[in-house]
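Presented below is the structure to which this report refers.
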Amino acid sequence: MTASKSSRARNARSGAQAGSARNSAARNGSAARNGVATKNGARSGVATKNGPAAKSAVTAKTAGGPRGRAAAGNDPVTRTAETGPAVWLQLTTLALALAGLGVSIYLTIAHFSESTLLGCSETKGLVNCTKVTTSAQSYVFGIPVAVLGLAFFLFAVAIMSPWAWRAARREIHLLRIASVVVGIGFVIYLLYAELFIIGSICLYCTSVHVITFLLFVLTMFATAAWGLRPGSAWPQRLTPRNLAGPRLARQSAS
């Protein structure tokens with residue numbers, strides 16, 4: 001009887017231990033499956049980050065950042081809208097300023113050497129360079145007009161250069177406008193002196209007057225058309241780097 005009870009007790013303990021083992025195994029299996037699911041979820045998260053939506057988000061963020069704005073600034077339409085006077089106008093004004101500087105240098109040399117101007121009539125007619133260059137009106141505040149013209153065109157060459165046109169400082173563009181306004185005002189005075197006081201004109205002086213007038217017109221046109229924005233940059237196909245690129249590529253290939 002006692003042995004029977006002991007056997008039942010041992011069987012009960014064995015069953016309890018077997019049940020505990022099964023429950024533990026079940027819990028371990030569920031945990032393992034959950035771990036796999038978690039890993040899979042993590043992989044899905046990585047895949048989502050690398051997916052098209054994530055790439056679109058990165059692209060949008062990049063477009064809004066400094067690099068994106070820089071790339072947008074390289075767009076031809078954006079660049080055209082944000083830049084000022086065209087390259088042709090920059091080069092035209094520079095060429096006119098250089099021409100005026102050349103004439104002014106010649107007039108200054110002739111003034112101090114007291115030599116006659118080549119190709120200019122010395123008769124009593126309307127064209128008489130010597131009469132104009134030796135008159136009392138050839139001095140302003142004790143300074144020869146030829147020297148004043150030389151100083152003006154030296155400044156004009158600098159302010160009309162493409163580097164000055166492309167300057168970001170607003171003061172440079174305002175200074176250019178002020179210089180041509182002063183220049184055209186001085187030209188009007190000299191024309192009045194030649195026609196109504198001296199009674200003769202000088203062909204070299206007239207060429208300087210025409211150049212100054214053209215610089216005034218082009219500068220005012222640039223201001224009206226483009227405002228005070230920096231001028232357009234050189235076309236990329238004309239830059240030394242782009243011109244050298246094909247040559248270097250051909251040399252590397254050979």
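A note on labels: chains of the structure tokens are A, B, ... as shown, every chain counts residues from 1, and ligands are counted from 1 in their shown order.
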
Would you kindly return, as a PyMOL selection string, each protein, DNA or RNA residue with an atom no farther than 6 Å from any atom of Thr83 (chain A), considering only C-alpha atoms and excluding same-chain residues fewer than 3 positions away? chain A and resi 80+229-232

Output all heavy atoms for every residue in that selection, as a short mmCIF file (atom, residue, chain, number, x, y, z; two decimals), in the first residue's frame.
data_model
loop_
_atom_site.label_atom_id
_atom_site.label_comp_id
_atom_site.auth_asym_id
_atom_site.auth_seq_id
_atom_site.Cartn_x
_atom_site.Cartn_y
_atom_site.Cartn_z
N THR A 80 20.58 82.96 -65.82
CA THR A 80 20.25 84.08 -66.68
C THR A 80 19.38 85.10 -65.94
O THR A 80 19.53 86.31 -66.11
CB THR A 80 19.51 83.57 -67.93
OG1 THR A 80 20.37 82.64 -68.60
CG2 THR A 80 19.18 84.72 -68.86
N ARG A 229 22.72 94.36 -60.91
CA ARG A 229 23.19 93.00 -60.66
C ARG A 229 24.54 92.77 -61.33
O ARG A 229 24.85 93.41 -62.33
CB ARG A 229 22.17 91.98 -61.19
CG ARG A 229 20.87 91.93 -60.41
CD ARG A 229 20.07 90.69 -60.79
NE ARG A 229 19.66 90.74 -62.17
CZ ARG A 229 18.52 91.26 -62.61
NH1 ARG A 229 17.68 91.80 -61.73
NH2 ARG A 229 18.21 91.25 -63.88
N PRO A 230 25.35 91.87 -60.79
CA PRO A 230 26.63 91.54 -61.44
C PRO A 230 26.42 91.02 -62.85
O PRO A 230 25.42 90.36 -63.14
CB PRO A 230 27.22 90.46 -60.52
CG PRO A 230 26.55 90.67 -59.20
CD PRO A 230 25.17 91.16 -59.51
N GLY A 231 27.35 91.32 -63.73
CA GLY A 231 27.23 90.92 -65.12
C GLY A 231 27.34 89.42 -65.31
O GLY A 231 27.82 88.69 -64.45
N SER A 232 26.90 88.97 -66.47
CA SER A 232 26.96 87.55 -66.80
C SER A 232 28.41 87.10 -66.88
O SER A 232 29.30 87.83 -67.33
CB SER A 232 26.27 87.29 -68.14
OG SER A 232 24.92 87.70 -68.08
#

Shell of 9 Å around Val180 (chain A), only C-alpha atoms, local chain residues under 2 positions omitted, as number ranges by chain: A: 156, 175-178, 182-185, 212-213, 215-217, 219-220

Between A:Leu101, A:Leu190, A:Leu89, A:His209, which one has atoms that come closest to Ala136 (chain A), using only C-alpha atoms?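 Answer, going by the shortest atom-to-atom distance: A:Leu190.
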